[in-house]
Structures are given as C-alpha cells and as structure tokens.
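Data first, discussion second: the structure below is written as structure tokens.
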Amino acid sequence: MIHITLPDGSVREYQEGVSALDIARSISEGLARKVLAAEINGEVRDITRPVSEDASLRLLTWDDKEGKATFWHSSAHLMAEALESVFPDTKFGIGPAIANGGFYYDIDLGDRTIGEEDLQKIESKMKELAAQKNPYLREEVSKADAVRYFEEKQDPYKLELIRDLEDGKITFYTQGTFTDLCRGPHIPNTGFIKAVKLTNIAGAYWRGNEKNKMLTRIYGITFPNQKELDEYLHLLEEAKKRDHRKLGRELELFAFSEKVGSGLPLWLPKGAMLRERLQQFLQKAQTDSGYLPVITPHIGSKQLYVTSGHWEKYGKDSFRPITTPQEGEEFMLKPMNCPHHCEIYKSSPRSYRDLPLRLAEFGTVYRYEQSGELHGLTRVRGFTQDDAHLFCRPDQVREEFKKVIDLVMYVFNALDFHDFTAQVSLRDKDDRSKYIGSEENWEIAEQSIIDVAAEKGLNTVIEYGEAAFYGPKLDFMVKDALGRSWQLGTIQVDYNLPERFELEYIDSDNTRKRPVMIHRAPFGSMERFIAVLLEHCGGNLPFWLAPVQAKVLPISDKFAGYAQEVCDRLRKAGIRAEPDERNEKIGRKIRDTEMMKVPYMLVIGEKEMNEGTVSVRKHGAGDQGAVTLAELVKDLTGLASRTSGEAAAATD
Ligand SMILES: [Zn+2]
Ligand SMILES: [Zn+2]
C-alpha cells in the first residue's frame, strides 16, 4: 500500500499503481469528471499514470492555473491534428499553452499562406475531433525510434528538437490520428474541449531566432463550455475598444514615429498634461512623506555600471556604449537610476541620524528591447520610472516598508484600482547560497514584509524562491476593470548595491555600518501606468486628470467672445478649459467633444450670453441644465481638488 497526502493534510491509503483518476473517483464521481491533471510531488502529470510510491497529490481542475495550462496545451495538439487533416503536408514546430490564456502552434505550411477562412475550417475540424473523445495516449520511445518516426514524416523541426533530448527520456503523445513529440502532461481525452476559437495568425521565427525560418503561428483558445468562450470573446471585444494604443491616438495623448525610432514614445500636449498631473500628484504625496527630489543625467560612465554589476549582467543586451573623441571614454544610456542615486548618497558623509534618506526622481531610463517585443506604451525602449531609493538602517526597514505600502495604497485608491494582490517574493527555502547579504538582515527584511503586508490587510501571495539575489521584494498585481492582471508597483530591498558602492553611515556607537537600500516605484513607469490606466477607465479619465476638463462650445461665431470669457474665467480658477472655435454645427461640436471624452461641455448661445450662464452637458450623462458662471467655477474647482476615486465617479 502507498500513502497519498491530500492538500488538506489528510492521508489516504491506496494500492501501488493507483492512478490520480482512481484517487479522484474514490473521493467523488463529480470530482473525477472534472479533474484534468494532477500534481504529484510537485510535478504536474497525466491523471491516468500510475503512482507507485508515497506522494503528496493535488488534483487539478479548470479552476487551477495548471489545470487550464494542461487544457490549453492539449488543445494545441488538437489543433495540430485538425491542421494535419486539413493541410496534410504541414510541418510542426512547438505548441505551448500561453500564460495569460490560450495556446499557439508554430507551423511550416510551405508556400501556402492561410487566412480567416482557413481558421474557420480548422476550427470546425477541431470541434469534430473533440467530439470523438479521443484519449491522449502517452508512450515512451527510444531516441532512435523517435528519429525514425519524424524522418518518415519528414518533419525537420521535430527532428531538431529530438537531437537535444536525452535517450530514455523521450515520450510521444497520440490522440486520434496525430502523434506528437511531447513531455506532457495532457487532459484525459479531447471530449473535455467543448468550445474553440482560433484568434490570430502571426509570424514567428523558429526557436525565436531571427536567423531561422519564419514560421506561421496560429493562436487559439478553448473552454470546457460555450458560455465561458462567449464571455471571453465579449471581454476581448471590450479590450479592443480600450486598447491604449487606439485611445492614445484618438485622445491625442501620444504617438510613435519611425524616424524617431520604434519603442520611443512621443508625448503630445494632452498626453504630457496627463503625465504632468500624475507626477504632481505623486510628488506631493512624496513630499508629504519626507522624500527629497534629485535629478541625474541620462547617461553615466560605463565604470558606474561595472561597479553596480549591471554591465556584467545586462551589458550585452543593452544599447551599445557611447564613445567620445577622447580615447577610452565610454558612457552608457542610463538603464536604471539606482547607481546614480548611490553616488548621491556618497556625496557627503552620513550619520545614523541622517537616515532614512529618501531620494526621489522621475528618472528616464533606456533599455534595449527587440523590435518584435515592443508594444504600445507597455514595452518601450525609453521610459520614465517614478523612482525613489530609500537608504535606511536595518532597524528602519519595517517602518519604511509600511510607509511605502501606505503610499502605494493611496495612489491605487486615488486612481480607482481597488482589486489587487501583493506578491511577496522570498528566498528559496532550501538553497540560501545564491543570495547576497547577511542571514540576519534577510530574516529581518523578509519577516518585516510579511508582517507589514498582513498588518495592512493586503491580499498576499507568498512565493518562495522568487526573491532577487540581492533582496526580497513585494510586487503589486492590479486587476483592471476587465479583470486583467497587471504588475504595477514594486518595493525591493537591496543589500547588494550598498555593498558594491561601499555605502556607509556612522552608527550611534561610532562604528561604520552599511545602510540598506529600498527601491520602490508605485506606478512602475509612467508609460506602463498610463497604458494600464487608460485601459482600466476606457479613456474616461477622472476629472482631476483629464487633459481638457471643460470644452466651451459656442453655437455660432456670434458668441465667440463670450466663449473666450468663460474659458478665461475657468482657466484663472485652474480649470483646463478650451473653446471649440470651429465653424461647425453645434451637434457636430458636441459629438466630437464626446469622442474626446472631455468630462464637461459648456454650450453657449444667445440666452446664455444674455444671462451670464452656460448650459452644461456631462460626458456620457447628457444635458444638466444651465448654471451661472460663478456656480460653474465653484463646482468644477471643487471637483478638481478631489484626487480620489470619488472624483473619478463624479465624472462618469
Ligand atoms: Zn503536449
Ligand atoms: Zn533602483
């Protein structure tokens, strides 16, 4: 008999050779019908494989991320089977599940190009094959047999993959008529796949290498029922409408120019206004929390990054060094602000009384990304971090962490992000050799993060082994209005840079000590944050952030003078207002202003001019009636002063 430990800690006895599916059945038939894969002693496996020793077991269903991954990867095999049936000479690369949902398969179609119609054909075939409930059968094969199989099939990609595999560890999986080289695991049979949608066709270099052949990548997603697919497609449609690249163009916030260079965003006046407002908002909060502003250059000597270790670690994947007419002089485009801030710390002697020292900078940094990886504002080559480095004594880490969490909460709240989790990344429990810094300091820092996160009531996930080699960290994963998760703010403890830069302070006992450094950025980067914010609110920015808060719309030229007067009054009161002076019908002016998602439209005609009023239209809410100029100024300045979720709600 063997002992199986379940996640709740209970232990059950089974015959040796029992399968996870048998175990599921012994618990309940309902569970057995739902289970997709099993985690056995930490390894995810097919549920039909025999278990021959004592083990801890987790049964994985659609509700588990590993269950979904197994489902989607198995769907890639199903798509391959359908492809082979529709286009028999297809050669296959790899077909993994995708972390944020669905799967793809990279294939070589020879000279054929495929389009939307073909996808529909493949989709229908997949549904037909799924309905056959074909089991995914696992088979161990020798390397020689594996090579023979794919030589006969003339599939060069699989042969290349086999070449790198160790004999004795090669497995094939077959469902229906399709056999694939794969280490698994898979769901029990294709019948679990009830809803299919192939979403996209793209190009992808074989093994991600530009020197290799460009293959066709087909993306798809599958679900265990039609309802979930419908919901997914609805979300996808909504996401398209909220795509920040589309909104950035429509709302005239930012642009890209091939001539300037890809991945280098250009902030247009309205976008710059938005960014400035966000900066001012955070700057004020930081000043209130004892941060000091600093400014550092966009380049730094290569030596700076040799000292920091960045050169060794990232140098070969960075922009090339900048040289000067002087021999041997080399500079790097700044990839991070930390080394510069370390040198600011060193600019004068520090005592224990000077700490914590909190240096803040909206620092623009440059990181090389392959052009294929670039995406709107979320993956760029130049971006501005809302960076700060806190230099403190080890006994201050807890308090500083607490304050940073407060600041991050304040920011998220003001911007209407209410659903987030905090991921605490700690050391590997078993291997502590790969981390720099004393055991004692790590203990303090790790425990502080865990305690403070609990104290603040954060919804926390602890991940062991995810800490950086230089210190533990806390990352905020934020859910947007469509339920998508984004990593935004981060707080990281660092024992490495103070060591490398030999940072010191004189302690109360007159000895020299190393400070601890905390890196933190509540937004992460201005670019990424604004992208997420735009998608979260669908471009309907809260009133206090809207680049244009009120648009004054005269019915005709006759009222241009009064329109200007209204604008001037509002501007004097600090409201961002502008007139629409075009010679257009009022209906058109209102429509265009609605498109630009301007929170307030102020319509002006004969009556308004004579009575010293404006007719107010709220974006998305329509006509609000007439108010006097004095009332209007009072209302709008009241709204503008509220940097909170309340203000955001008021503009909806
Ligand atoms: Zn597979
Ligand atoms: Zn840093």
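Identifiers for the structure tokens are assigned positionally: chains receive A, B, ... in sequence, residues are indexed from 1 per chain, and ligands are indexed from 1 in the order shown.
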Exercise answer, 6 Å around ligand 1 with only C-alpha atoms and all ligand atoms, as a PyMOL selection string: chain A and resi 74+182+184
Contacts of range 440-547 of chain A with range 235-245 of chain A up to 6 Å, shortest pair per row, only C-alpha atoms, as JSON lines:
```
{"residue": "A:Ala531", "atom": "CA", "partner": "A:His244", "partner_atom": "CA", "distance": 5.4}
{"residue": "A:Leu534", "atom": "CA", "partner": "A:His244", "partner_atom": "CA", "distance": 5.8}
{"residue": "A:Glu535", "atom": "CA", "partner": "A:Arg242", "partner_atom": "CA", "distance": 4.9}
{"residue": "A:Gly538", "atom": "CA", "partner": "A:Arg242", "partner_atom": "CA", "distance": 4.9}
```
If I take CA of Lys597 in chain A and CA of Val408 in chain A, how far is one from the other in Å, to one decimal?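 A separation of 27.4 Å between them.
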Check which residues fall inside 6 Å of ligand 2 when counting only C-alpha atoms and all ligand atoms, and print them as a PyMOL selection string. chain A and resi 337-338+519
Store the residues picked out above, limited to C-alpha atoms, as an mmCIF file, in the first residue's frame.
```cif
data_model
loop_
_atom_site.group_PDB
_atom_site.id
_atom_site.type_symbol
_atom_site.label_atom_id
_atom_site.label_comp_id
_atom_site.auth_asym_id
_atom_site.auth_seq_id
_atom_site.Cartn_x
_atom_site.Cartn_y
_atom_site.Cartn_z
ATOM 1 C CA ASN A 337 18.636 55.274 -11.729
ATOM 2 C CA CYS A 338 19.957 53.361 -8.710
ATOM 3 C CA HIS A 519 13.956 50.582 -4.428
#
```
Might you pull out every residue within 7 Å of Pro265 in chain A, with only C-alpha atoms counted and same-chain residues fewer than 4 positions away left off, and present them as a PyMOL selection string? chain A and resi 254-256
With distances taken over only C-alpha atoms, which of A:Ser371, A:Ser85, A:Gln326, A:Thr70 is nearest to Phe223 in chain A? A:Thr70
Proximity to Tyr157 in chain A - best of A:Gly574, A:Pro188, A:Gly93, A:Gly524, only C-alpha atoms: A:Gly93
Which residues, written as a VMD selection string, have at least one atom at most 7 Å from range 548-557 of chain A, with only C-alpha atoms counted and residues fewer than 5 positions away on the same chain left out? chain A and resid 543 563 567 575 to 580 586 589 598 to 605
Dump as a compact mmCIF listing (two decimals), in the first residue's frame, selection limited to all heavy atoms:
```txt
# COMPACT_ATOMS: atom_id res chain seq x y z
N PHE A 543 -11.82 63.34 -13.54
CA PHE A 543 -11.83 64.77 -13.81
C PHE A 543 -10.48 65.43 -13.53
O PHE A 543 -9.98 66.23 -14.33
CB PHE A 543 -12.92 65.44 -12.98
CG PHE A 543 -13.10 66.90 -13.30
CD1 PHE A 543 -13.74 67.29 -14.46
CD2 PHE A 543 -12.60 67.87 -12.45
CE1 PHE A 543 -13.90 68.63 -14.78
CE2 PHE A 543 -12.76 69.22 -12.75
CZ PHE A 543 -13.40 69.60 -13.92
N ALA A 563 -17.58 82.96 -25.26
CA ALA A 563 -16.91 81.66 -25.06
C ALA A 563 -15.51 81.88 -24.50
O ALA A 563 -15.06 81.20 -23.58
CB ALA A 563 -16.84 80.89 -26.38
N CYS A 567 -13.90 80.67 -20.90
CA CYS A 567 -12.63 79.95 -20.82
C CYS A 567 -11.66 80.66 -19.87
O CYS A 567 -11.02 80.02 -19.03
CB CYS A 567 -11.99 79.85 -22.20
SG CYS A 567 -12.53 78.41 -23.09
N ILE A 575 -8.90 75.59 -13.97
CA ILE A 575 -9.57 74.52 -14.73
C ILE A 575 -9.02 74.53 -16.16
O ILE A 575 -8.88 75.58 -16.78
CB ILE A 575 -11.10 74.76 -14.78
CG1 ILE A 575 -11.67 74.79 -13.35
CG2 ILE A 575 -11.81 73.71 -15.63
CD1 ILE A 575 -11.53 73.48 -12.61
N ARG A 576 -8.70 73.33 -16.67
CA ARG A 576 -8.18 73.24 -18.03
C ARG A 576 -9.36 73.29 -19.02
O ARG A 576 -10.06 72.30 -19.21
CB ARG A 576 -7.37 71.97 -18.19
CG ARG A 576 -6.10 71.95 -17.34
CD ARG A 576 -5.26 70.72 -17.56
NE ARG A 576 -5.87 69.51 -17.02
CZ ARG A 576 -5.82 69.15 -15.74
NH1 ARG A 576 -5.20 69.91 -14.86
NH2 ARG A 576 -6.40 68.03 -15.34
N ALA A 577 -9.59 74.48 -19.58
CA ALA A 577 -10.73 74.68 -20.47
C ALA A 577 -10.24 75.20 -21.80
O ALA A 577 -9.22 75.90 -21.87
CB ALA A 577 -11.69 75.68 -19.84
N GLU A 578 -10.94 74.83 -22.89
CA GLU A 578 -10.63 75.41 -24.19
C GLU A 578 -11.90 75.55 -25.01
O GLU A 578 -12.84 74.77 -24.86
CB GLU A 578 -9.54 74.61 -24.91
CG GLU A 578 -9.89 73.16 -25.17
CD GLU A 578 -8.77 72.40 -25.87
OE1 GLU A 578 -7.60 72.61 -25.53
OE2 GLU A 578 -9.09 71.59 -26.75
N PRO A 579 -11.93 76.57 -25.90
CA PRO A 579 -13.13 76.77 -26.71
C PRO A 579 -13.04 75.96 -28.01
O PRO A 579 -11.96 75.64 -28.48
CB PRO A 579 -13.07 78.27 -27.03
CG PRO A 579 -11.61 78.60 -27.03
CD PRO A 579 -10.94 77.65 -26.08
N ASP A 580 -14.19 75.59 -28.55
CA ASP A 580 -14.24 74.98 -29.88
C ASP A 580 -14.66 76.08 -30.85
O ASP A 580 -15.83 76.41 -30.95
CB ASP A 580 -15.26 73.83 -29.89
CG ASP A 580 -15.26 73.09 -31.23
OD1 ASP A 580 -14.73 73.66 -32.22
OD2 ASP A 580 -15.77 71.96 -31.28
N ILE A 586 -23.48 72.89 -33.92
CA ILE A 586 -23.30 72.55 -32.51
C ILE A 586 -23.37 71.04 -32.28
O ILE A 586 -22.64 70.48 -31.46
CB ILE A 586 -24.31 73.32 -31.60
CG1 ILE A 586 -24.00 73.09 -30.12
CG2 ILE A 586 -25.75 72.93 -31.91
CD1 ILE A 586 -22.71 73.69 -29.66
N LYS A 589 -20.05 69.64 -32.94
CA LYS A 589 -19.11 70.00 -31.87
C LYS A 589 -19.31 69.10 -30.65
O LYS A 589 -18.35 68.64 -30.03
CB LYS A 589 -19.31 71.47 -31.46
CG LYS A 589 -18.79 72.47 -32.49
CD LYS A 589 -18.91 73.89 -31.98
CE LYS A 589 -18.41 74.88 -33.02
NZ LYS A 589 -18.55 76.28 -32.57
N VAL A 598 -14.08 64.44 -23.16
CA VAL A 598 -13.92 65.60 -22.29
C VAL A 598 -15.04 65.57 -21.25
O VAL A 598 -16.21 65.45 -21.63
CB VAL A 598 -13.98 66.92 -23.10
CG1 VAL A 598 -13.95 68.13 -22.19
CG2 VAL A 598 -12.84 66.96 -24.11
N PRO A 599 -14.72 65.67 -19.95
CA PRO A 599 -15.77 65.49 -18.93
C PRO A 599 -16.93 66.49 -19.03
O PRO A 599 -18.07 66.11 -18.86
CB PRO A 599 -15.02 65.67 -17.61
CG PRO A 599 -13.58 65.43 -17.93
CD PRO A 599 -13.38 65.80 -19.36
N TYR A 600 -16.62 67.78 -19.30
CA TYR A 600 -17.68 68.79 -19.32
C TYR A 600 -17.75 69.54 -20.65
O TYR A 600 -16.71 69.97 -21.17
CB TYR A 600 -17.50 69.80 -18.19
CG TYR A 600 -18.00 69.27 -16.87
CD1 TYR A 600 -17.20 68.43 -16.10
CD2 TYR A 600 -19.27 69.56 -16.42
CE1 TYR A 600 -17.65 67.90 -14.91
CE2 TYR A 600 -19.75 69.04 -15.23
CZ TYR A 600 -18.93 68.21 -14.47
OH TYR A 600 -19.41 67.70 -13.31
N MET A 601 -18.97 69.69 -21.18
CA MET A 601 -19.19 70.52 -22.36
C MET A 601 -20.06 71.68 -21.93
O MET A 601 -21.09 71.48 -21.27
CB MET A 601 -19.93 69.72 -23.42
CG MET A 601 -19.03 68.77 -24.19
SD MET A 601 -20.00 67.50 -25.00
CE MET A 601 -19.96 66.23 -23.76
N LEU A 602 -19.65 72.89 -22.29
CA LEU A 602 -20.40 74.07 -21.89
C LEU A 602 -20.92 74.75 -23.15
O LEU A 602 -20.15 75.31 -23.93
CB LEU A 602 -19.48 75.01 -21.10
CG LEU A 602 -18.72 74.30 -19.97
CD1 LEU A 602 -17.68 75.20 -19.36
CD2 LEU A 602 -19.68 73.77 -18.90
N VAL A 603 -22.22 74.63 -23.38
CA VAL A 603 -22.83 75.14 -24.61
C VAL A 603 -23.30 76.58 -24.38
O VAL A 603 -23.87 76.90 -23.33
CB VAL A 603 -24.01 74.25 -25.05
CG1 VAL A 603 -24.62 74.78 -26.35
CG2 VAL A 603 -23.51 72.81 -25.24
N ILE A 604 -22.98 77.42 -25.37
CA ILE A 604 -23.24 78.86 -25.22
C ILE A 604 -24.00 79.40 -26.43
O ILE A 604 -23.59 79.20 -27.57
CB ILE A 604 -21.89 79.60 -25.09
CG1 ILE A 604 -21.39 79.44 -23.65
CG2 ILE A 604 -22.04 81.07 -25.42
CD1 ILE A 604 -19.98 79.86 -23.51
N GLY A 605 -25.13 80.07 -26.15
CA GLY A 605 -25.91 80.71 -27.21
C GLY A 605 -26.39 82.07 -26.72
O GLY A 605 -25.87 82.61 -25.73
```
Find the spatial neighbours of Asn441 in chain A, counting only C-alpha atoms, within a cut-off of 12 Å - ignore same-chain residues fewer than 3 positions away - and output them as a list in words.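 Returned residues: Arg393, Pro394, Asp395, Gln396, Val397, Arg398, Tyr435, Ile436, Gly437, Ser438, Ile444, Ala445, Glu446, Gln447, Ser448, Tyr470, Gly471, Pro472, Val493, Asp494, Tyr495, Arg514, Pro515, Val516 and Met517 of chain A.
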Dump as a compact mmCIF listing (two decimals), in the first residue's frame, selection limited to N, CA, C and O atoms:
```
# COMPACT_ATOMS: atom_id res chain seq x y z
N ARG A 393 18.65 52.33 7.99
CA ARG A 393 19.32 51.37 8.87
C ARG A 393 18.48 50.10 8.87
O ARG A 393 17.27 50.16 8.64
N PRO A 394 19.12 48.95 9.17
CA PRO A 394 18.34 47.70 9.17
C PRO A 394 17.12 47.78 10.09
O PRO A 394 16.06 47.25 9.76
N ASP A 395 17.22 48.50 11.20
CA ASP A 395 16.09 48.57 12.13
C ASP A 395 14.97 49.49 11.61
O ASP A 395 13.92 49.60 12.23
N GLN A 396 15.22 50.15 10.48
CA GLN A 396 14.19 51.04 9.92
C GLN A 396 13.43 50.41 8.75
O GLN A 396 12.46 50.99 8.26
N VAL A 397 13.88 49.23 8.32
CA VAL A 397 13.29 48.62 7.13
C VAL A 397 11.79 48.43 7.28
O VAL A 397 11.00 48.77 6.40
N ARG A 398 11.38 47.93 8.44
CA ARG A 398 9.96 47.64 8.66
C ARG A 398 9.11 48.91 8.52
O ARG A 398 8.12 48.94 7.80
N TYR A 435 22.14 33.92 -2.41
CA TYR A 435 21.73 35.28 -2.06
C TYR A 435 22.84 36.04 -1.35
O TYR A 435 23.57 35.48 -0.55
N ILE A 436 22.94 37.34 -1.67
CA ILE A 436 23.95 38.17 -1.05
C ILE A 436 23.34 38.87 0.16
O ILE A 436 22.15 39.16 0.18
N GLY A 437 24.15 39.15 1.20
CA GLY A 437 23.63 39.82 2.40
C GLY A 437 23.58 38.85 3.57
O GLY A 437 23.49 37.63 3.38
N SER A 438 23.62 39.38 4.79
CA SER A 438 23.71 38.51 5.96
C SER A 438 22.37 37.84 6.25
O SER A 438 21.30 38.41 5.99
N ILE A 444 15.26 39.69 9.01
CA ILE A 444 14.54 40.90 9.41
C ILE A 444 13.67 41.40 8.26
O ILE A 444 12.48 41.66 8.43
N ALA A 445 14.28 41.51 7.09
CA ALA A 445 13.57 42.09 5.95
C ALA A 445 12.38 41.21 5.54
O ALA A 445 11.28 41.71 5.33
N GLU A 446 12.61 39.90 5.43
CA GLU A 446 11.53 39.00 4.98
C GLU A 446 10.37 39.03 5.97
O GLU A 446 9.21 39.15 5.59
N GLN A 447 10.72 38.94 7.25
CA GLN A 447 9.67 38.93 8.26
C GLN A 447 8.93 40.26 8.28
O GLN A 447 7.70 40.31 8.42
N SER A 448 9.68 41.36 8.10
CA SER A 448 9.05 42.68 8.09
C SER A 448 8.02 42.77 6.97
O SER A 448 6.91 43.26 7.18
N TYR A 470 19.62 39.91 -4.60
CA TYR A 470 20.06 41.00 -3.73
C TYR A 470 19.06 41.35 -2.64
O TYR A 470 19.36 42.17 -1.78
N GLY A 471 17.87 40.76 -2.66
CA GLY A 471 16.93 41.07 -1.59
C GLY A 471 15.51 40.63 -1.88
O GLY A 471 15.17 40.35 -3.03
N PRO A 472 14.66 40.56 -0.83
CA PRO A 472 13.26 40.20 -1.02
C PRO A 472 12.48 41.37 -1.60
O PRO A 472 12.95 42.50 -1.56
N VAL A 493 13.93 45.30 -1.48
CA VAL A 493 15.03 45.51 -0.54
C VAL A 493 16.32 45.12 -1.26
O VAL A 493 16.34 44.17 -2.03
N ASP A 494 17.38 45.85 -1.03
CA ASP A 494 18.64 45.58 -1.73
C ASP A 494 19.84 45.65 -0.78
O ASP A 494 20.11 46.69 -0.18
N TYR A 495 20.55 44.53 -0.64
CA TYR A 495 21.78 44.51 0.15
C TYR A 495 23.01 44.59 -0.73
O TYR A 495 24.13 44.66 -0.25
N ARG A 514 26.79 49.58 7.02
CA ARG A 514 26.19 49.63 5.69
C ARG A 514 24.71 49.95 5.81
O ARG A 514 24.01 49.28 6.57
N PRO A 515 24.22 50.92 5.05
CA PRO A 515 22.77 51.12 5.04
C PRO A 515 22.10 50.05 4.18
O PRO A 515 22.76 49.40 3.37
N VAL A 516 20.80 49.87 4.36
CA VAL A 516 20.01 49.01 3.46
C VAL A 516 19.36 49.95 2.45
O VAL A 516 19.03 51.08 2.78
N MET A 517 19.21 49.46 1.22
CA MET A 517 18.61 50.29 0.19
C MET A 517 17.25 49.68 -0.17
O MET A 517 17.14 48.46 -0.30
```
Name the closest residue to Tyr345 in chain A among the candidates A:Pro498, A:Gly587, A:Gly203, A:Gly95; distances are taken between atoms, counting only C-alpha atoms.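 Selected residue with least distance to Tyr345 in chain A: A:Pro498.
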Can you list every residue in range 44-182 of chain A that DSSP puts in strand (DSSP E or B), as JSON, numbers by chain? {"A": [44, 45, 50, 51, 55, 56, 57, 58, 59, 60, 91, 92, 97, 103, 104, 105, 106, 107, 108, 135, 137, 138, 139, 140, 141, 170, 171, 172, 173, 174, 175, 178, 179, 180, 181]}
Would you export the selected residues with C-alpha atoms as a PDB file, in the first residue's frame, please?
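This went into again_34.pdb:
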```
ATOM      1  CA  VAL A  44       2.169  18.004 -12.988  1.00  0.00           C
ATOM      2  CA  ARG A  45       1.271  14.717 -14.693  1.00  0.00           C
ATOM      3  CA  PRO A  50       0.201   5.000 -12.124  1.00  0.00           C
ATOM      4  CA  VAL A  51       1.512   6.292  -8.798  1.00  0.00           C
ATOM      5  CA  ALA A  55       3.213  11.038  -2.574  1.00  0.00           C
ATOM      6  CA  SER A  56       1.537  14.331  -1.973  1.00  0.00           C
ATOM      7  CA  LEU A  57      -1.202  14.900  -4.504  1.00  0.00           C
ATOM      8  CA  ARG A  58      -3.191  17.848  -5.827  1.00  0.00           C
ATOM      9  CA  LEU A  59      -5.997  17.128  -8.246  1.00  0.00           C
ATOM     10  CA  LEU A  60      -6.113  19.903 -10.838  1.00  0.00           C
ATOM     11  CA  LYS A  91       5.376  20.616 -40.550  1.00  0.00           C
ATOM     12  CA  PHE A  92       5.136  21.278 -36.838  1.00  0.00           C
ATOM     13  CA  ALA A  97      -0.077  26.992 -23.688  1.00  0.00           C
ATOM     14  CA  PHE A 103      -2.256  28.365 -26.854  1.00  0.00           C
ATOM     15  CA  TYR A 104      -0.434  28.547 -30.153  1.00  0.00           C
ATOM     16  CA  TYR A 105       1.298  26.232 -32.566  1.00  0.00           C
ATOM     17  CA  ASP A 106       4.203  27.290 -34.792  1.00  0.00           C
ATOM     18  CA  ILE A 107       3.892  25.535 -38.126  1.00  0.00           C
ATOM     19  CA  ASP A 108       5.527  25.471 -41.539  1.00  0.00           C
ATOM     20  CA  PRO A 135      -7.776   9.801 -25.334  1.00  0.00           C
ATOM     21  CA  LEU A 137      -2.079   8.282 -25.073  1.00  0.00           C
ATOM     22  CA  ARG A 138       1.430   8.515 -23.642  1.00  0.00           C
ATOM     23  CA  GLU A 139       4.215   6.333 -24.983  1.00  0.00           C
ATOM     24  CA  GLU A 140       7.893   6.179 -24.041  1.00  0.00           C
ATOM     25  CA  VAL A 141      10.094   5.861 -27.134  1.00  0.00           C
ATOM     26  CA  ILE A 170      11.561  10.857 -24.818  1.00  0.00           C
ATOM     27  CA  THR A 171       7.784  10.491 -24.950  1.00  0.00           C
ATOM     28  CA  PHE A 172       5.174  10.663 -27.676  1.00  0.00           C
ATOM     29  CA  TYR A 173       1.535  11.507 -27.185  1.00  0.00           C
ATOM     30  CA  THR A 174      -1.117  10.358 -29.622  1.00  0.00           C
ATOM     31  CA  GLN A 175      -4.738  11.417 -29.844  1.00  0.00           C
ATOM     32  CA  PHE A 178      -1.984  12.649 -34.585  1.00  0.00           C
ATOM     33  CA  THR A 179       1.258  11.813 -32.808  1.00  0.00           C
ATOM     34  CA  ASP A 180       3.460  14.474 -31.289  1.00  0.00           C
ATOM     35  CA  LEU A 181       6.798  14.620 -29.569  1.00  0.00           C
TER      36      LEU A 181
END
```
DSSP on the backbone, then: every residue of range 590-645 of chain A marked helix (DSSP H, G or I), written as a list of chain:residue names.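 Taking range 590-645 of chain A and keeping helix (DSSP H, G or I) only, one gets A:Ile590, A:Arg591, A:Asp592, A:Thr593, A:Glu594, A:Met595, A:Glu606, A:Lys607, A:Glu608, A:Met609, A:Asn610, A:Glu611, A:Leu629, A:Ala630, A:Glu631, A:Leu632, A:Val633, A:Lys634, A:Asp635, A:Leu636, A:Thr637, A:Gly638, A:Leu639, A:Ala640, A:Gly645.
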For the residues selected in the previous step, produce a file with C-alpha atoms as a compact mmCIF listing (two decimals), in the first residue's frame.
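part_1.txt, freshly written:
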```txt
# COMPACT_ATOMS: atom_id res chain seq x y z
CA ILE A 590 -20.86 68.00 -29.16
CA ARG A 591 -20.22 64.69 -30.94
CA ASP A 592 -16.53 65.43 -31.41
CA THR A 593 -16.13 66.52 -27.79
CA GLU A 594 -17.88 63.33 -26.66
CA MET A 595 -15.36 61.36 -28.76
CA GLU A 606 -27.94 83.91 -27.12
CA LYS A 607 -29.75 83.10 -23.88
CA GLU A 608 -26.61 82.02 -22.03
CA MET A 609 -24.71 85.11 -23.14
CA ASN A 610 -27.50 87.46 -22.05
CA GLU A 611 -27.96 85.76 -18.68
CA LEU A 629 -20.57 81.26 -14.33
CA ALA A 630 -19.94 81.67 -10.60
CA GLU A 631 -21.69 78.37 -9.81
CA LEU A 632 -19.80 76.61 -12.59
CA VAL A 633 -16.41 77.78 -11.30
CA LYS A 634 -17.30 76.69 -7.79
CA ASP A 635 -18.48 73.22 -8.93
CA LEU A 636 -15.53 72.48 -11.18
CA THR A 637 -12.83 73.72 -8.79
CA GLY A 638 -14.44 71.57 -6.10
CA LEU A 639 -14.20 68.52 -8.38
CA ALA A 640 -10.64 69.28 -9.46
CA GLY A 645 -11.99 57.68 -6.51
```
